[in-house]
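Comments concern the structure below.
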Amino acid sequence: MTAATGSSSIDEPGSSMRHILFRHGYDLATAALALLFFVSASGWALVMPAFSGPDETAHYNSVVRLLDGGGWPRPYDATYEQSTISALLETGRTFRDQSLERLPSPDDRSTLLGGGEWDELATDYMVQHPPGYYVVVAAVVAAVGGGDLRWDHALMTMRMVSALLVAGAVPFIVGISRRVSGSRSAGIAGGAIVLFVPFVANLAGYVSNDSLLILGCSASLYFAVRALDHAKRPLGLLALSGVALGVALGTKGLALMLIPVVAVIAIAVAWKLTGWFRRICAVALPLLIAFVIGGWWWLRNIVVLGKIQPSIYGRRTSSGSRHPDYDLSFFVEQAVYRLNSTFWGRGARADLALPEVTAIIAGTLLLTVVAVSVVFARRRLLLFVVWAFPLAILGVTLWNAHGIYWDLGSASRGVQGRYVFAGIAAIASSMAVVFVAYLRFCWARGRAGGFALVLTLACGIMASWTALIWTTSRVWAGVSDASFSSGVPLIYYIAVPVTAALVSVVLIVSALSVTKLELSLRTATRRGRAELYSR
């Protein structure tokens with residue numbers, strides 16, 4: 001995990017014009033990729049029906065409660081707000097056998113804190129999470145109108161905040177990929193994973209605390225990894241890692257799995273420092289900062305509630321004996337299938353899921369990329385450390401799901417592929433390593449690198465847009481099966497994604513192309529001057 005291997009091409013000192021221009025091209029390309037992702041996530045936010053995201057109604061309700069002055073009740077005590085139920089019913093749905101006889105026109109919809117009075121409420125389980133994400137979103141909504149907004153306008157505002165938060169994570173994901181692979185271009189190619197996995201943009205277009213979790217975890221891991229390669233101010237970078245980790249801990253419990261990863265990296269940084277005081281600070285500083293900002297919440301849960309996280313199924317009483325229908329092989333089969341299907345799309349709902357064959361092929365390709373990256377990675381130990389976070393999430397998720405299956409006999413509860421998105425930088429790093437490995441076997445590396453980068457970005461954009469069109473055409477048509485026989489014209493899968501890809505790739509590749517052109521002109525100018533002076 002030392003900086004010796006593969007880091008010389010990253011932080012090589014010098015202020016040459018070539019270095020400055022290429023760095024600016026890298027920064028522009030990274031910003032363009034983040035902007036492109038935000039546009040994609042905004043597209044999902046605009047076309048997906050209201051309250052169709054994972055627990056989106058509950059996430060929305062928690063924001064509404066804060067805006068209405070309801071605070072953050074103890075778990076199992078919070079209920080849905082009257083205004084939330086009104087908003088849900090105005091979409092044409094029912095809620096506990098309650099419905100509207102006539103749906104209002106868009107102009108007559110209720111305000112964020114308005115609506116009718118309803119007898120049947122329900123428990124809001126989102127208070128099992130810390131309030132970090134909801135405070136951020138509530139502050140933005142309050143700034144643009146608060147309770148005077150129509151609920152659909154407020155919902156869209158919340159969705160756009162989520163999209164912006166995940167887009168903010170893209171530069172950190174690219175940065176981690178760059179440092180693991182040792183290549184700026186590979187880092188950008190790895191960052192394209194946010195487009196290759198359609199559900200990342202889809203989830204970013206919903207009201208969900210996963211958005212701030214992805215940003216916090218990606219930023220924390222980036223600053224920690226960067227501290228390994230930065231000999232001048234590692235303590236400052238570790239402090240920033242602690243701040244980001246604290247934000248993540250104040251958002252969702254999955255960030256707890258990042259603590260040992262940051263600690264291991266901090267120990268590696270401390271090992272290279274001189275003086276015991278600096279070494280102790282290197283290890284203690286990020287963890288202490290993280291605890292002060294958001295880690296205290298989980299200690300509070302243990303002291304006040306007697307458990308780390310009081311989830312929905314955390315209230316179940318275990319009998320100590322397994323469910324009569326328990327079958328370990330069946331659980332493993334269902335868990336793997338559900339993890340994969342809910343990683344690429346909304347596999348829990350047939351109308352929002354990608355075709356099974358698509359998810360299976362994509363999952364197989366992903367495993368292949370990961371395996372190849374392990375073989376060819378130059379900074380293999382660092383790659384393993386980065387991967388430790390999503391693997392820890394998978395382990396805890398499957399352990400918890402197995403406990404639910406053991407007690408209740410439900411094999412699919414608690415298994416969500418989107419949980420891994422908090423550590424998606426690991427997948428991006430593997431993609432970046434494979435990108436570099438591809439260039440090693442190419443004769444004309446310059447041309448091959450440019451072609452591979454363009455192809456990678458184009459394929460990522462096509463994957464994102466195709467999934468968006470596929471899902472949109474089905475969810476509004478009420479399609480109830482996840483197959484290709486839904487009557488969607490084939491032209492949509494060819495013309496629209498290709499057009500979007502060609503237009504969007506220009507935003508990213510132009511930054512690198514212009515930089516290379518400027519470098520060529522400056523090199524030619526220097527050669528001309530050298531020839532002139534040699535005469």
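Following the order of the structure tokens, chains are lettered A, B, ..., residues in each are numbered from 1, and ligands are numbered from 1.
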Notebook entry, point to check: Near Ala244 of chain A, counting only C-alpha atoms, which residues have an atom at most 7 Å away, once you skip same-chain residues fewer than 2 positions from it, shown as a list in words?
Noted result: Gly216, Cys217, Ala219, Ser220, Leu240, Ser241, Gly242, Gly246, Val247 and Ala248 of chain A
Note to self: Quick one: residues within 7 Å of segment 120-129 of chain A, only C-alpha atoms, excluding same-chain residues fewer than 2 positions away - as a list in words?
What the structure shows: Ala58, His59, Ser62, Trp72, Pro73, Arg74, Pro75, Tyr76, Ala78, Thr79, Tyr80, Arg96, Trp118, Pro131, Thr251, Lys252, Gln309, Pro310, Ser311 and Ile312 of chain A
Checklist line | Polymer residues at most 9 Å from Leu256 of chain A, only C-alpha atoms, same-chain spacing of 4 or more positions, as a VMD selection string | finding: chain A and resid 245 248 to 249 252 260 295 298
Next item on the list: Would you return as number ranges by chain the members of segment 287-430 of chain A that DSSP assigns to helix (DSSP H, G or I) on this structure's backbone?
Entry: A: 287-305, 313-315, 328-344, 356-376, 380-408, 417-430
Next item on the list: Considering only C-alpha atoms, return as a list of chain:residue names whatever protein or nucleic-acid residues lie within 10 Å of Phe384 of chain A, sequence-local ones (same chain, fewer than 6 positions apart) excluded.
Entry: A:Met1, A:Val374, A:Ala377, A:Leu391, A:Ala426
Checklist line | All residues 8 Å or closer to segment 33-45 of chain A, only C-alpha atoms, same chain fewer than 2 positions away omitted, as an MDAnalysis selection string | finding: chainID A and resid 29:31 47:48 156 159:160 163:164 166:168 170:171 188 191:192 194:195 201:206 464:465 468 504 508
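Atom CA of Gly417 of chain A is found 29.3 Å from atom CA of Leu238 of chain A.
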Next item on the list: Can you pull out every residue within 10 Å of Ser410 of chain A, counting only C-alpha atoms, but drop anything in the same chain fewer than 5 positions away, and send it as a ChimeraX atom specification?
Entry: /A:323,325-326,331,401-405
Next item on the list: Using only C-alpha atoms, determine which residues lie at most 10 Å from Val136 of chain A, disregarding the query and same-chain residues fewer than 5 positions distant; provide the list as JSON, numbers by chain.
Entry: {"A": [63, 131, 141, 158, 161, 162, 212]}
Suppose we keep N, CA and C atoms; can you now write the selection as a CSV table (one decimal), in the first residue's frame?
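Once everything was written out, this is selection-v3.csv:
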chain,number,residue,atom,x,y,z
A,63,VAL,N,-38.2,14.6,5.6
A,63,VAL,CA,-37.9,16.0,5.3
A,63,VAL,C,-39.1,16.9,5.7
A,131,PRO,N,-30.2,12.0,11.1
A,131,PRO,CA,-30.9,13.0,10.3
A,131,PRO,C,-30.1,13.8,9.4
A,141,VAL,N,-34.9,23.0,0.7
A,141,VAL,CA,-36.3,23.2,0.4
A,141,VAL,C,-36.8,24.5,1.1
A,158,MET,N,-36.2,18.2,-3.8
A,158,MET,CA,-35.4,17.2,-3.1
A,158,MET,C,-34.7,16.2,-4.0
A,161,VAL,N,-31.5,17.9,-5.3
A,161,VAL,CA,-30.5,17.9,-4.3
A,161,VAL,C,-29.8,16.6,-4.3
A,162,SER,N,-30.5,15.5,-4.3
A,162,SER,CA,-29.9,14.2,-4.3
A,162,SER,C,-29.0,14.0,-5.5
A,212,LEU,N,-26.2,11.3,-0.1
A,212,LEU,CA,-25.2,11.9,0.8
A,212,LEU,C,-24.2,10.9,1.3
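For the pair atom CA of Ile176 of chain A and atom CA of Tyr222 of chain A, the interatomic distance is 5.4 Å.
Remark: for Asp229 of chain A, the closest of the candidate residues A:Val174, A:Ala284, A:Pro130, A:Leu382 is A:Leu382 (distances computed over only C-alpha atoms).
For the pair atom CA of Val200 of chain A and atom CA of Thr456 of chain A, the separation is 17.1 Å.
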